Amino acid sequence: MLQTPYYLIDKTALQRNLEIIDYVRKNSGAKLLLALKCFATWSVFDSMKPYMDGTTSSSLYEVKLGYQKFGGETHAYSVAFADHEIDEVLANSDKIIFNSISQLERFEARAGNKPKGLRLNPGISSSSFDLADPARQFSRLGEGNPERILAIIDRLDGVMIHNNCENADFARFDELLAQVEARYGAILHQLKWVSLGGGISFTKPGYELDKFCQRLRQFAQTYGVQVYLEPGEATVRYTTTLEVSVLDTAFNGKHLAIVDSSTEAHMLDLLIYRETAPIGNETGEHRYQICGKTCLAGDIFGEGNFDAPLQVGDRLSIGDAGGYTMVKKNWFNGVNMPAIAIKEVDGSIRAVREFGYDDYVNSLS
Ligand SMILES: Cc1ncc(COP(=O)(O)O)c(C=O)c1O
Ligand SMILES: NCCCCNCC[C@H](N)C(=O)O
């Protein structure tokens, strides 16, 4: 058995999401690019490639990873590119999307004939989290003024609009898109492509997939554009667990179990968005709070029910640990990083990356 902690990517579960992705691209005509900021575990890229059209990125390193390890179509985007990285960004991408008109003006000559896009910020969004709301007040994420965009439209091939965040409601997506069309229609008609970003939870059970596909197709036809989507979370939701072991138990008014991992180091989004992870089962009679092993008082994964009292050495699975986890893990408190393992469709499990003291030392100097 593998030593905990480790992230366990279940290829059967991943396949379920990939088949929905494939359904969407076939029925909508959209191209779907993996958002590497969410998930960049390249060991499973070979399984993903047949179902997705390529990758999109937020930095030089992501764009290089996508170009080298995933292939297909590679979109380069960054909130701000630096002088010293732009040539390498261009050499490793098929399209470049600038966050601002000033970045476009600065780098367009160096980009030459490479298709160029601009991030458009419509000032409306669907996000329950201020932290992740691209349309928050004073947002730096994209250009919103239609006159300013129209003034440079002949220098653009496309735009990227990312204004959904964990939006599982098709009607809300549709409504937001209609508002974008009303305000930016004159711009959309002059483009070759439009990326509608990520943040759409279309792989969730019950999502109105056919209406979604139809809406994307209609949008593409109205403006004569190729539509792109950039799913991160939707690609990997419910595909991965964080496998941990109980190191200690206690009772402090609640039953506690301390495990060999940490929210801050290994599932950071639980902390920054104040969420809890799926843990345990529905029916167990023994309820525990599952806690990380760092010094942070609030290092808590969540609470769950178990069939029997937890004992030191018990192994637990912390759910939904695929998105924004492996890409964000860190060495806080010197806690060893979880290994990365893959569960094949035949049930066999193999580790594809393990970390140790040398990696910790080499991350510092
Ligand atoms: C531009 C862009 N595209 C795609 C995504 C992926 O979003 P999600 O993982 O919610 O699908 C993000 C998230 O930050 C983003 O900023
Ligand atoms: N589950 C907690 C909310 C996660 C929000 N995801 C944020 C990333 C996203 N791609 C964004 O910033 O738009």
# chains A, B, ... in the order shown; residues from 1 in each chain; ligands from 1

$ residues_near_ligand --ligand "ligand 1" --cutoff "9 Å" --atoms "only C-alpha atoms and all ligand atoms" --output "VMD selection string"
chain A and resid 33 to 39 56 to 58 77 to 78 119 132 134 141 160 to 167 195 to 201 229 to 236 323 to 324

$ select_by_dssp --residues "segment 235-292 of chain A" --states "strand (DSSP E)" --output "list in words"
Thr240, Thr241, Leu242, Glu243, Val244, Ser245, Val246, Leu247, Asp248, Thr249, Ala250, Phe251, His255, Leu256, Ala257, Ile258, Val259, His286, Arg287, Tyr288, Gln289, Ile290 and Cys291 of chain A

$ select_by_dssp --residues "segment 90-175 of chain A" --states "helix (DSSP H, G or I)" --output "PyMOL selection string"
chain A and resi 90-91+101-111+130-132+146-150+153-155+170-175

$ closest_residue --among "A:Glu143, A:Asp133, A:Asp248, A:Glu105" --to "ligand 2" --atoms "only C-alpha atoms and all ligand atoms"
A:Asp133

$ residues_around --residues "Gln214 of chain A" --least-positions-apart "2" --cutoff "12 Å" --atoms "only C-alpha atoms" --output "VMD selection string"
chain A and resid 23 to 30 170 174 208 to 212 216 to 221

$ closest_residue --among "A:Asn362, A:Ile279, A:Ala351, A:Ile318" --to "Ser43 of chain A" --atoms "only C-alpha atoms"
A:Ala351

$ closest_residue --among "A:Lys69, A:Lys328, A:Arg106, A:Arg183" --to "ligand 2" --atoms "only C-alpha atoms and all ligand atoms"
A:Lys328

$ residues_around --residues "Phe107 of chain A" --least-positions-apart "3" --cutoff "12 Å" --atoms "only C-alpha atoms" --output "VMD selection string"
chain A and resid 80 to 87 89 to 90 96 to 104 110 to 114 116 to 117 155

$ closest_residue --among "A:Asn121, A:Thr276, A:Ser93, A:Gln179" --to "Phe138 of chain A" --atoms "only C-alpha atoms"
A:Asn121

$ residues_around --residues "Leu316 of chain A" --least-positions-apart "5" --cutoff "12 Å" --atoms "only C-alpha atoms" --output "compact mmCIF listing (two decimals) with all heavy atoms, in the first residue's frame"
# COMPACT_ATOMS: atom_id res chain seq x y z
N THR A 4 0.60 7.23 2.77
CA THR A 4 -0.17 8.49 2.72
C THR A 4 0.74 9.63 3.15
O THR A 4 1.77 9.37 3.80
CB THR A 4 -1.38 8.41 3.67
OG1 THR A 4 -0.90 8.15 4.99
CG2 THR A 4 -2.37 7.34 3.22
N PRO A 5 0.42 10.89 2.83
CA PRO A 5 -0.74 11.31 2.05
C PRO A 5 -0.45 11.20 0.55
O PRO A 5 0.69 11.33 0.13
CB PRO A 5 -0.89 12.78 2.45
CG PRO A 5 0.51 13.24 2.75
CD PRO A 5 1.21 12.04 3.34
N TYR A 6 -1.51 10.96 -0.21
CA TYR A 6 -1.37 11.04 -1.67
C TYR A 6 -2.70 11.44 -2.32
O TYR A 6 -3.76 11.12 -1.81
CB TYR A 6 -0.82 9.75 -2.27
CG TYR A 6 -1.61 8.48 -2.04
CD1 TYR A 6 -2.55 8.03 -2.96
CD2 TYR A 6 -1.39 7.70 -0.90
CE1 TYR A 6 -3.25 6.85 -2.75
CE2 TYR A 6 -2.09 6.53 -0.68
CZ TYR A 6 -3.02 6.10 -1.60
OH TYR A 6 -3.72 4.94 -1.39
N TYR A 7 -2.57 12.19 -3.41
CA TYR A 7 -3.74 12.49 -4.24
C TYR A 7 -3.96 11.27 -5.13
O TYR A 7 -3.00 10.75 -5.71
CB TYR A 7 -3.49 13.69 -5.16
CG TYR A 7 -3.16 14.99 -4.44
CD1 TYR A 7 -1.83 15.43 -4.33
CD2 TYR A 7 -4.16 15.78 -3.89
CE1 TYR A 7 -1.53 16.62 -3.70
CE2 TYR A 7 -3.86 16.99 -3.26
CZ TYR A 7 -2.54 17.40 -3.17
OH TYR A 7 -2.23 18.59 -2.55
N LEU A 8 -5.21 10.83 -5.22
CA LEU A 8 -5.51 9.66 -6.02
C LEU A 8 -6.48 10.05 -7.13
O LEU A 8 -7.65 10.39 -6.87
CB LEU A 8 -6.13 8.57 -5.13
CG LEU A 8 -6.46 7.26 -5.82
CD1 LEU A 8 -5.21 6.59 -6.40
CD2 LEU A 8 -7.15 6.29 -4.84
N THR A 241 -9.29 12.05 -4.95
CA THR A 241 -9.39 12.15 -3.49
C THR A 241 -7.99 12.43 -2.94
O THR A 241 -6.99 12.18 -3.61
CB THR A 241 -9.91 10.83 -2.88
OG1 THR A 241 -9.10 9.75 -3.38
CG2 THR A 241 -11.37 10.59 -3.24
N LEU A 242 -7.98 12.95 -1.73
CA LEU A 242 -6.71 13.06 -0.99
C LEU A 242 -6.75 11.96 0.05
O LEU A 242 -7.63 11.95 0.93
CB LEU A 242 -6.62 14.45 -0.35
CG LEU A 242 -5.40 14.70 0.54
CD1 LEU A 242 -4.10 14.52 -0.22
CD2 LEU A 242 -5.46 16.11 1.14
N GLU A 243 -5.84 11.01 -0.07
CA GLU A 243 -5.82 9.85 0.82
C GLU A 243 -4.90 10.15 2.00
O GLU A 243 -3.73 10.51 1.80
CB GLU A 243 -5.31 8.61 0.06
CG GLU A 243 -6.17 8.25 -1.14
CD GLU A 243 -7.55 7.75 -0.75
OE1 GLU A 243 -7.64 6.90 0.16
OE2 GLU A 243 -8.55 8.24 -1.34
N VAL A 244 -5.45 10.02 3.20
CA VAL A 244 -4.69 10.39 4.40
C VAL A 244 -4.81 9.29 5.46
O VAL A 244 -5.67 8.42 5.37
CB VAL A 244 -5.22 11.73 4.98
CG1 VAL A 244 -5.05 12.86 3.97
CG2 VAL A 244 -6.68 11.61 5.40
N SER A 245 -3.96 9.38 6.50
CA SER A 245 -4.05 8.45 7.63
C SER A 245 -4.26 9.23 8.92
O SER A 245 -3.74 10.35 9.07
CB SER A 245 -2.74 7.66 7.79
OG SER A 245 -2.52 6.84 6.68
N VAL A 246 -4.97 8.62 9.84
CA VAL A 246 -5.19 9.24 11.15
C VAL A 246 -3.92 9.07 11.99
O VAL A 246 -3.38 7.96 12.12
CB VAL A 246 -6.39 8.58 11.87
CG1 VAL A 246 -6.56 9.15 13.26
CG2 VAL A 246 -7.66 8.75 11.03
N LEU A 247 -3.45 10.21 12.53
CA LEU A 247 -2.24 10.18 13.38
C LEU A 247 -2.59 10.27 14.86
O LEU A 247 -1.82 9.82 15.71
CB LEU A 247 -1.33 11.37 13.02
CG LEU A 247 -0.81 11.44 11.59
CD1 LEU A 247 0.04 12.69 11.40
CD2 LEU A 247 0.01 10.20 11.26
N ALA A 257 -10.10 14.02 14.64
CA ALA A 257 -9.06 13.11 14.12
C ALA A 257 -8.05 13.97 13.39
O ALA A 257 -8.41 14.77 12.53
CB ALA A 257 -9.66 12.08 13.19
N ILE A 258 -6.78 13.82 13.78
CA ILE A 258 -5.71 14.59 13.12
C ILE A 258 -5.06 13.67 12.10
O ILE A 258 -4.69 12.54 12.40
CB ILE A 258 -4.69 15.07 14.16
CG1 ILE A 258 -5.40 16.03 15.14
CG2 ILE A 258 -3.52 15.78 13.48
CD1 ILE A 258 -4.66 16.28 16.40
N VAL A 259 -4.96 14.19 10.88
CA VAL A 259 -4.44 13.36 9.78
C VAL A 259 -3.10 13.90 9.27
O VAL A 259 -2.70 15.03 9.59
CB VAL A 259 -5.48 13.26 8.63
CG1 VAL A 259 -6.78 12.63 9.13
CG2 VAL A 259 -5.73 14.62 7.99
N ASP A 260 -2.43 13.10 8.44
CA ASP A 260 -1.06 13.42 8.00
C ASP A 260 -1.04 14.34 6.78
O ASP A 260 -0.28 14.11 5.83
CB ASP A 260 -0.28 12.12 7.73
CG ASP A 260 -0.98 11.21 6.73
OD1 ASP A 260 -2.11 11.54 6.29
OD2 ASP A 260 -0.43 10.14 6.40
N SER A 261 -1.89 15.35 6.80
CA SER A 261 -1.97 16.27 5.67
C SER A 261 -2.40 17.62 6.23
O SER A 261 -2.48 17.80 7.45
CB SER A 261 -2.97 15.71 4.65
OG SER A 261 -3.10 16.57 3.55
N PRO A 278 -15.88 17.02 1.11
CA PRO A 278 -16.71 15.84 1.35
C PRO A 278 -15.89 14.76 2.07
O PRO A 278 -14.82 14.37 1.60
CB PRO A 278 -17.10 15.38 -0.06
CG PRO A 278 -16.67 16.46 -1.00
CD PRO A 278 -15.61 17.25 -0.32
N ILE A 279 -16.41 14.31 3.22
CA ILE A 279 -15.67 13.34 4.05
C ILE A 279 -16.67 12.34 4.63
O ILE A 279 -17.77 12.72 5.01
CB ILE A 279 -14.98 14.08 5.24
CG1 ILE A 279 -13.90 15.02 4.72
CG2 ILE A 279 -14.37 13.10 6.23
CD1 ILE A 279 -13.36 15.96 5.78
N GLY A 280 -16.27 11.09 4.76
CA GLY A 280 -17.09 10.08 5.43
C GLY A 280 -18.29 9.67 4.61
O GLY A 280 -18.29 9.75 3.39
N ASN A 281 -19.35 9.22 5.33
CA ASN A 281 -20.54 8.77 4.60
C ASN A 281 -21.79 9.39 5.22
O ASN A 281 -21.72 10.13 6.18
CB ASN A 281 -20.60 7.23 4.58
CG ASN A 281 -20.67 6.66 5.99
OD1 ASN A 281 -21.37 7.18 6.86
ND2 ASN A 281 -19.95 5.57 6.22
N TYR A 288 -16.88 12.91 13.19
CA TYR A 288 -15.55 13.44 13.50
C TYR A 288 -15.28 14.72 12.72
O TYR A 288 -15.73 14.87 11.58
CB TYR A 288 -14.46 12.43 13.11
CG TYR A 288 -14.29 11.33 14.12
CD1 TYR A 288 -15.14 10.23 14.11
CD2 TYR A 288 -13.28 11.39 15.08
CE1 TYR A 288 -15.00 9.21 15.04
CE2 TYR A 288 -13.13 10.38 16.01
CZ TYR A 288 -14.00 9.30 15.99
OH TYR A 288 -13.84 8.29 16.91
N ILE A 290 -12.27 16.37 10.91
CA ILE A 290 -10.98 15.90 10.38
C ILE A 290 -10.05 17.10 10.26
O ILE A 290 -10.35 18.08 9.56
CB ILE A 290 -11.17 15.22 9.01
CG1 ILE A 290 -12.22 14.10 9.11
CG2 ILE A 290 -9.85 14.68 8.48
CD1 ILE A 290 -11.92 13.01 10.13
N CYS A 291 -8.93 17.04 10.97
CA CYS A 291 -8.05 18.20 11.11
C CYS A 291 -6.68 17.91 10.48
O CYS A 291 -6.19 16.77 10.53
CB CYS A 291 -7.80 18.50 12.58
SG CYS A 291 -9.31 18.54 13.55
N PHE A 301 -10.31 20.11 7.60
CA PHE A 301 -10.86 19.70 6.30
C PHE A 301 -12.38 19.69 6.28
O PHE A 301 -12.99 19.87 5.23
CB PHE A 301 -10.37 18.28 5.95
CG PHE A 301 -8.92 18.22 5.55
CD1 PHE A 301 -7.94 17.88 6.48
CD2 PHE A 301 -8.53 18.49 4.25
CE1 PHE A 301 -6.61 17.83 6.12
CE2 PHE A 301 -7.20 18.43 3.87
CZ PHE A 301 -6.24 18.10 4.80
N GLY A 304 -17.32 14.65 9.12
CA GLY A 304 -17.99 13.56 8.41
C GLY A 304 -18.37 12.46 9.37
O GLY A 304 -17.90 12.39 10.51
N ASN A 305 -19.27 11.60 8.89
CA ASN A 305 -19.76 10.46 9.69
C ASN A 305 -19.03 9.20 9.26
O ASN A 305 -18.80 8.98 8.07
CB ASN A 305 -21.26 10.27 9.46
CG ASN A 305 -22.04 11.51 9.86
OD1 ASN A 305 -21.69 12.20 10.81
ND2 ASN A 305 -23.08 11.81 9.10
N PHE A 306 -18.73 8.39 10.27
CA PHE A 306 -18.01 7.14 10.01
C PHE A 306 -18.74 5.99 10.70
O PHE A 306 -19.42 6.19 11.71
CB PHE A 306 -16.56 7.25 10.52
CG PHE A 306 -15.78 8.31 9.78
CD1 PHE A 306 -15.82 9.64 10.19
CD2 PHE A 306 -15.06 7.98 8.64
CE1 PHE A 306 -15.13 10.63 9.48
CE2 PHE A 306 -14.37 8.95 7.93
CZ PHE A 306 -14.40 10.28 8.35
N LEU A 310 -12.90 6.28 14.93
CA LEU A 310 -11.63 6.31 14.19
C LEU A 310 -10.48 5.94 15.11
O LEU A 310 -10.46 6.31 16.29
CB LEU A 310 -11.42 7.69 13.57
CG LEU A 310 -12.40 8.08 12.46
CD1 LEU A 310 -12.09 9.48 11.91
CD2 LEU A 310 -12.37 7.07 11.31
N GLN A 311 -9.52 5.23 14.54
CA GLN A 311 -8.34 4.79 15.29
C GLN A 311 -7.10 5.32 14.59
O GLN A 311 -7.11 5.48 13.36
CB GLN A 311 -8.23 3.25 15.27
CG GLN A 311 -9.48 2.50 15.59
CD GLN A 311 -9.74 2.44 17.08
OE1 GLN A 311 -8.85 2.79 17.87
NE2 GLN A 311 -10.94 2.06 17.47
